[in-house]
Amino acid sequence: MKAVVMAGGEGSRLRPLTCNRPKPLVPIVNKPIMQHIIELLVRCGFTDVIATLHYLADEIETYFGDGSEFGVRMRYTVEETPLGTAGSVKQAEPWLSDGTFIIISGDALTDFDLRKAVEFHKRQGAMATIVLTRVESPLEYGVVITDQDSRIRRFLEKPDWSQVFSDTINTGIYILEPEVLSYMELGKNYDWSQDIFPQLLKERKPLLGYLASGYWCDVGSLQAYRQAHYDALRGKVRLNIPGERGEDEIWVHPTARIEPGVRINGPAVIGSHATIRRGAVIEEFTVLGDSCIVEREAEVHGSILWNGAYVGDRVRIDGAVVGRNCSIDRGSELLEGAVIGDRTHIQRSSLVFPHIKIWPDKTVEAGARVTESLVWGPRWSRTLFSEGGVSGLANIEMTPDFATKLATAYGSYLGRGATVIISRDAHPTSRMIKRALASGLMSAGINVQDLRSIPVSVSRFLLAESGARGGVHVRISPHDPRMITVELCNAKGAILDKNAQRKVENIFFREDFVRADFVGVGTLEYVPWTVERYTERLTELVDCKACHDSRFRVMLDCAYGGASAVLPSALGALGCDLVTLNGFSRPLEEPRTAEEKERSVLELSNLVKSVEADIGLLVHNDGETMHVTDHTGRPIADSMLLSIMCMLAFATGDARVVAVPASAPSVIEQIAEGFRGRVIRTKSDPAALMGLALADRDGVDLIGDTEGRFIFPRFHPAFDAMISCAKLIEYLARSGKRRLADVVALVPRYHLRRADVSCPWEKKGEIMRRLTEEAEQGRADFTEGVKVITDRGWVLVSPDAFEPTFHIYAEAGSPEHATELIVRFREKIETLCS
């Protein structure tokens, strides 16, 4: 049998380590990852190897040559342009047509017994076998479910937590019959998981999954790179570590020179021709590459030093990675997570702070305190985007220099010459960050149109109308008043989808920024009459005559937010008799915590009764969210408000199709059926709801969630509490229902409950797999998380995308039954967590 080693990887997330070498040549315990894979293939009886190459292909060919030094016959195919994971293998078809062959990644670390996988493949008569393993967090991999006969039933590439249905993932190791290659044309781009395997599944070909035992790690990040070393030194993965293994799990090459008085605590690896001077300390989980020199009284703790690194007297290195031929002069210190690129010279008594990256061929002057990367700025160790945008502690994580870098990444993604709309809320920190964002965009050649301080809803509307390529809005986070959120939007005003977010993230972390020259720097323009344009369009979408005829008395609380500049005049134009509370901007007093919002609703309730208003409206969260009370001051629950809005939209003929999250009450379907309407269920995150508004703008009339947020796609595809307030007034006027309590009485009774359960990150994938397997035995829905439908109601379990938490929602005919469902599934998750 032949083996194909996929070795075209660029390894962008491992930069700066991969600036000068392809990812398969990045060393683990002093051998390239791909060499460990070749040694595994030899152990399993594969000696005829074809390597598919792309990035720095010559480097790999030079290192492995004809393969004789490594006990194999090596041949190569080179992609001039990327052909995808499958298209690259098609190029090697002339060498693969004579029988079963295996494909394995050259930049992932494993010790699977590949012979057992091949035996399984042949015994089952498979056309294609995917080798599987189980991981704690499956988000970055292809998730797979097989049936009892090991046939693959379902798979999904790189899901988010709401889509995870298993912790069993595709390792990128495939055993194939030659006829699989007939599904491709030479020179075209194909991907195994997105093109070939789905086709085999569609044609019901024998596509099987083999769950392998052993170690597997996709060395896809700097953290994973360090972890792979620690695992190798602990013996978790079977590798041929160079050197002679001595006491305390210390591997020392025979040519290494260790002077008396050196202390080495294992596990550790000392490479060939390495020199360690008297008084030096090498602590556990340290790897010294070939020809490294560690001078007197230096201390190296849990660090990885590549070949030729020099460590001066009294240097201290803690948990860092030091590239090839670097010099760390005496008295310097590298702190946890620092990554130093090849041939960097850190002069004496310098301090490199935690998680700093220094690109190759740089010099750090003596005595310097390196608090940010020499290329641009500090590296964040987590995912850049969270729900709604990029968030960080104000002026601690979300600083002006970070904001500039983020904007430059976004501008580089859009391309020079594009126009971007930029805006903010009224908080002074938002103003500071917005100005930094404008600078970053202009440095990338982006023309900026500044709307100044306006609600995010107005900004998104104007963006959709403007013809600009994108938008940026800065505001205090709706979830935490200490946080700043930067929202990046597409040309239609919706939050960037996950594909666009990943592209911006890649540019940000790789720091591959576009820089305009001095004549190509973008322009800055301030845009006038923004509120007037928004208000004019809003009144065009509302039946003003019906509103004028009804003349509702409205108690409006603008919560000191940006809506105060828009909503009072808009509702006044609809003929409302308006009593306004907190109707001016005072950003430091806006209600932001749950307790503050609850107090605001209570205050509104009391005032509605005092002024004998027909309805009370509270608008906050930068004009995105509304809460409502009836004429008695009774607050309307957010799920009930969603049901009411759907009923009124159907009843007035304003909507035929509405979209709601999987967690919304099922009475909405009952309401729709009574008006011959239709309900679409979708995920609850803002990007998904806005994405649906964009994808089916003419087909969906109303989109809402269970937090008081609504989208009217004909207006613009984003949450907007101001148009929502206006439409609610219109619906009541046109339906003849002056009092909201009368509409509430028409909604079928339901009982909705919610609970949150804490769960370790590493358990979430396993729990979702268990719940999915159990749910598939009965009635279930997987629109978001796992929704189990019972005779008494339903229960939805959804993993939080950003917290170690599960959200449980249940609906039933009685509060007791809803609570019973919550308790049952909460206890089930707690048991699986233990």
# chains A, B, ... in the order shown; residues from 1 in each chain; ligands from 1

call {"tool": "select_by_dssp", "arguments": {"residues": "stretch 632-758 of chain A", "states": "alpha helix (DSSP H)", "output": "ChimeraX atom specification"}}
result
/A:638-651,667-674,686-695,721-735,740-746

call {"tool": "residues_around", "arguments": {"residues": "A:Gln347", "least_positions_apart": "3", "cutoff": "8 Å", "atoms": "only C-alpha atoms", "output": "list in words"}}
result
Ser327, Ile328, Asp329, Arg330, Ser332, Ser350, Thr363, Val364, Glu365, Ala366 and Gly367 of chain A

call {"tool": "residues_around", "arguments": {"residues": "A:Arg153", "least_positions_apart": "4", "cutoff": "8 Å", "atoms": "only C-alpha atoms", "output": "PyMOL selection string"}}
result
chain A and resi 144-147+201

call {"tool": "write_last_selection", "arguments": {"atoms": "all heavy atoms", "output": "PDB file, in the first residue's frame"}}
result
ATOM      1  N   VAL A 144     -18.543  14.084  13.325  1.00  0.00           N
ATOM      2  CA  VAL A 144     -19.053  12.925  12.597  1.00  0.00           C
ATOM      3  C   VAL A 144     -19.899  12.065  13.525  1.00  0.00           C
ATOM      4  O   VAL A 144     -19.577  11.911  14.707  1.00  0.00           O
ATOM      5  CB  VAL A 144     -17.881  12.076  12.035  1.00  0.00           C
ATOM      6  CG1 VAL A 144     -18.403  10.839  11.306  1.00  0.00           C
ATOM      7  CG2 VAL A 144     -17.013  12.909  11.112  1.00  0.00           C
ATOM      8  N   ILE A 145     -20.983  11.500  12.989  1.00  0.00           N
ATOM      9  CA  ILE A 145     -21.750  10.471  13.698  1.00  0.00           C
ATOM     10  C   ILE A 145     -21.874   9.252  12.781  1.00  0.00           C
ATOM     11  O   ILE A 145     -22.162   9.389  11.583  1.00  0.00           O
ATOM     12  CB  ILE A 145     -23.141  10.985  14.111  1.00  0.00           C
ATOM     13  CG1 ILE A 145     -23.027  11.829  15.391  1.00  0.00           C
ATOM     14  CG2 ILE A 145     -24.098   9.836  14.360  1.00  0.00           C
ATOM     15  CD1 ILE A 145     -24.344  12.241  15.977  1.00  0.00           C
ATOM     16  N   THR A 146     -21.642   8.060  13.350  1.00  0.00           N
ATOM     17  CA  THR A 146     -21.769   6.805  12.609  1.00  0.00           C
ATOM     18  C   THR A 146     -22.886   5.968  13.213  1.00  0.00           C
ATOM     19  O   THR A 146     -23.280   6.180  14.367  1.00  0.00           O
ATOM     20  CB  THR A 146     -20.454   6.005  12.653  1.00  0.00           C
ATOM     21  OG1 THR A 146     -20.125   5.736  14.027  1.00  0.00           O
ATOM     22  CG2 THR A 146     -19.313   6.788  12.020  1.00  0.00           C
ATOM     23  N   ASP A 147     -23.388   5.008  12.413  1.00  0.00           N
ATOM     24  CA  ASP A 147     -24.395   4.102  12.946  1.00  0.00           C
ATOM     25  C   ASP A 147     -23.713   2.871  13.547  1.00  0.00           C
ATOM     26  O   ASP A 147     -22.474   2.804  13.645  1.00  0.00           O
ATOM     27  CB  ASP A 147     -25.410   3.728  11.872  1.00  0.00           C
ATOM     28  CG  ASP A 147     -24.779   2.991  10.685  1.00  0.00           C
ATOM     29  OD1 ASP A 147     -23.651   2.462  10.825  1.00  0.00           O
ATOM     30  OD2 ASP A 147     -25.416   2.954   9.615  1.00  0.00           O
ATOM     31  N   LEU A 201     -21.842   9.996   0.291  1.00  0.00           N
ATOM     32  CA  LEU A 201     -22.969   9.794   1.199  1.00  0.00           C
ATOM     33  C   LEU A 201     -24.287   9.870   0.446  1.00  0.00           C
ATOM     34  O   LEU A 201     -25.197   9.065   0.669  1.00  0.00           O
ATOM     35  CB  LEU A 201     -22.912  10.875   2.282  1.00  0.00           C
ATOM     36  CG  LEU A 201     -23.548  10.579   3.634  1.00  0.00           C
ATOM     37  CD1 LEU A 201     -22.912   9.369   4.288  1.00  0.00           C
ATOM     38  CD2 LEU A 201     -23.396  11.797   4.548  1.00  0.00           C
TER      39      LEU A 201
END

call {"tool": "select_by_dssp", "arguments": {"residues": "stretch 462-705 of chain A", "states": "strand (DSSP E)", "output": "NGL selection string"}}
result
:A and (470-476 or 483-489 or 524-526 or 553-557 or 577-581 or 615-620 or 625-629 or 635-636 or 657-661 or 678-682 or 702-704)

call {"tool": "write_last_selection", "arguments": {"atoms": "C-alpha atoms", "output": "compact mmCIF listing (two decimals), in the first residue's frame"}}
result
# COMPACT_ATOMS: atom_id res chain seq x y z
CA GLY A 470 -19.18 47.86 5.42
CA GLY A 471 -19.86 49.49 8.75
CA VAL A 472 -18.42 49.78 12.26
CA HIS A 473 -20.35 50.74 15.40
CA VAL A 474 -18.82 51.18 18.84
CA ARG A 475 -20.83 50.94 22.03
CA ILE A 476 -20.78 49.91 25.64
CA MET A 483 -16.90 46.21 28.26
CA ILE A 484 -16.67 47.94 24.90
CA THR A 485 -18.10 46.18 21.84
CA VAL A 486 -17.05 46.91 18.27
CA GLU A 487 -19.57 45.61 15.75
CA LEU A 488 -18.40 45.00 12.20
CA CYS A 489 -21.19 44.91 9.62
CA LEU A 524 -12.66 61.08 6.46
CA GLU A 525 -16.07 62.70 5.90
CA TYR A 526 -18.77 63.68 8.40
CA ARG A 553 -51.31 57.91 24.81
CA VAL A 554 -47.76 56.51 25.15
CA MET A 555 -45.44 56.54 28.13
CA LEU A 556 -41.95 56.38 26.59
CA ASP A 557 -38.72 55.78 28.52
CA ASP A 577 -49.88 61.71 22.75
CA LEU A 578 -46.41 61.26 24.21
CA VAL A 579 -45.06 61.47 27.74
CA THR A 580 -41.29 61.04 27.62
CA LEU A 581 -39.02 59.93 30.44
CA ILE A 615 -49.09 51.56 26.66
CA GLY A 616 -45.60 51.87 28.15
CA LEU A 617 -42.44 51.53 26.06
CA LEU A 618 -38.88 51.20 27.33
CA VAL A 619 -36.12 51.36 24.70
CA HIS A 620 -32.51 50.64 25.66
CA THR A 625 -34.26 46.32 22.59
CA MET A 626 -37.72 47.25 23.79
CA HIS A 627 -39.81 46.24 26.79
CA VAL A 628 -43.53 46.89 27.02
CA THR A 629 -46.22 47.31 29.67
CA PRO A 635 -44.90 44.24 32.19
CA ILE A 636 -45.28 42.00 29.15
CA VAL A 657 -44.04 34.57 7.20
CA VAL A 658 -42.29 35.18 10.52
CA ALA A 659 -39.02 33.77 11.84
CA VAL A 660 -38.34 33.02 15.51
CA PRO A 661 -35.64 31.13 17.45
CA ARG A 678 -45.95 30.31 8.30
CA VAL A 679 -43.24 30.19 10.98
CA ILE A 680 -39.54 29.58 10.33
CA ARG A 681 -37.45 28.34 13.25
CA THR A 682 -33.82 29.39 13.35
CA LEU A 702 -40.90 39.78 10.69
CA ILE A 703 -38.07 38.29 12.73
CA GLY A 704 -37.98 38.37 16.51

call {"tool": "residues_around", "arguments": {"residues": "stretch 562-569 of chain A", "least_positions_apart": "6", "cutoff": "7 Å", "atoms": "only C-alpha atoms", "output": "PyMOL selection string"}}
result
chain A and resi 425+454-455+531+583-585+622-623+722

call {"tool": "residues_around", "arguments": {"residues": "stretch 249-264 of chain A", "least_positions_apart": "3", "cutoff": "9 Å", "atoms": "only C-alpha atoms", "output": "NGL selection string"}}
result
:A and (233-234 or 241-246 or 267-284 or 290-291 or 296-297)

call {"tool": "atom_distance", "arguments": {"atom1": "atom CA of A:Gln124", "atom2": "atom CA of A:Gly106"}}
result
26.7 Å

call {"tool": "residues_around", "arguments": {"residues": "stretch 108-116 of chain A", "least_positions_apart": "3", "cutoff": "6 Å", "atoms": "only C-alpha atoms", "output": "list of chain:residue names"}}
result
A:Cys44, A:Ser105, A:Glu119, A:Gly214, A:Tyr215, A:Trp216, A:Cys217, A:Asp218, A:Val219, A:Arg238

call {"tool": "write_last_selection", "arguments": {"atoms": "N, CA, C and O atoms", "output": "CSV table (one decimal), in the first residue's frame"}}
result
chain,number,residue,atom,x,y,z
A,44,CYS,N,4.2,1.1,10.6
A,44,CYS,CA,3.0,0.4,10.2
A,44,CYS,C,3.1,-0.2,8.8
A,44,CYS,O,2.1,-0.7,8.2
A,105,SER,N,-2.2,13.5,7.3
A,105,SER,CA,-1.7,14.9,7.4
A,105,SER,C,-0.3,14.9,7.8
A,105,SER,O,0.1,14.2,8.7
A,119,GLU,N,-7.0,-2.7,8.0
A,119,GLU,CA,-7.7,-4.0,8.2
A,119,GLU,C,-9.2,-3.8,8.3
A,119,GLU,O,-10.0,-4.6,7.7
A,214,GLY,N,-5.7,5.9,20.6
A,214,GLY,CA,-4.3,6.4,20.6
A,214,GLY,C,-4.4,7.9,20.7
A,214,GLY,O,-5.4,8.5,21.0
A,215,TYR,N,-3.3,8.5,20.4
A,215,TYR,CA,-3.1,10.0,20.5
A,215,TYR,C,-3.3,10.7,19.1
A,215,TYR,O,-2.8,10.1,18.1
A,216,TRP,N,-3.9,11.8,19.1
A,216,TRP,CA,-4.0,12.6,17.9
A,216,TRP,C,-4.1,14.1,18.3
A,216,TRP,O,-4.8,14.4,19.3
A,217,CYS,N,-3.3,14.9,17.7
A,217,CYS,CA,-3.4,16.4,18.0
A,217,CYS,C,-3.2,17.2,16.7
A,217,CYS,O,-2.2,17.0,16.0
A,218,ASP,N,-4.1,18.0,16.4
A,218,ASP,CA,-3.9,18.9,15.2
A,218,ASP,C,-3.1,20.1,15.8
A,218,ASP,O,-3.7,21.0,16.5
A,219,VAL,N,-1.9,20.2,15.4
A,219,VAL,CA,-1.0,21.2,15.9
A,219,VAL,C,-1.3,22.5,15.2
A,219,VAL,O,-0.5,23.0,14.4
A,238,ARG,N,3.3,8.0,21.4
A,238,ARG,CA,4.5,7.2,21.1
A,238,ARG,C,5.3,7.8,20.0
A,238,ARG,O,4.9,7.8,18.9

call {"tool": "residues_around", "arguments": {"residues": "A:Phe509", "least_positions_apart": "3", "cutoff": "9 Å", "atoms": "only C-alpha atoms", "output": "NGL selection string"}}
result
:A and (12-13 or 15 or 379-380 or 384 or 409 or 504-506 or 512)
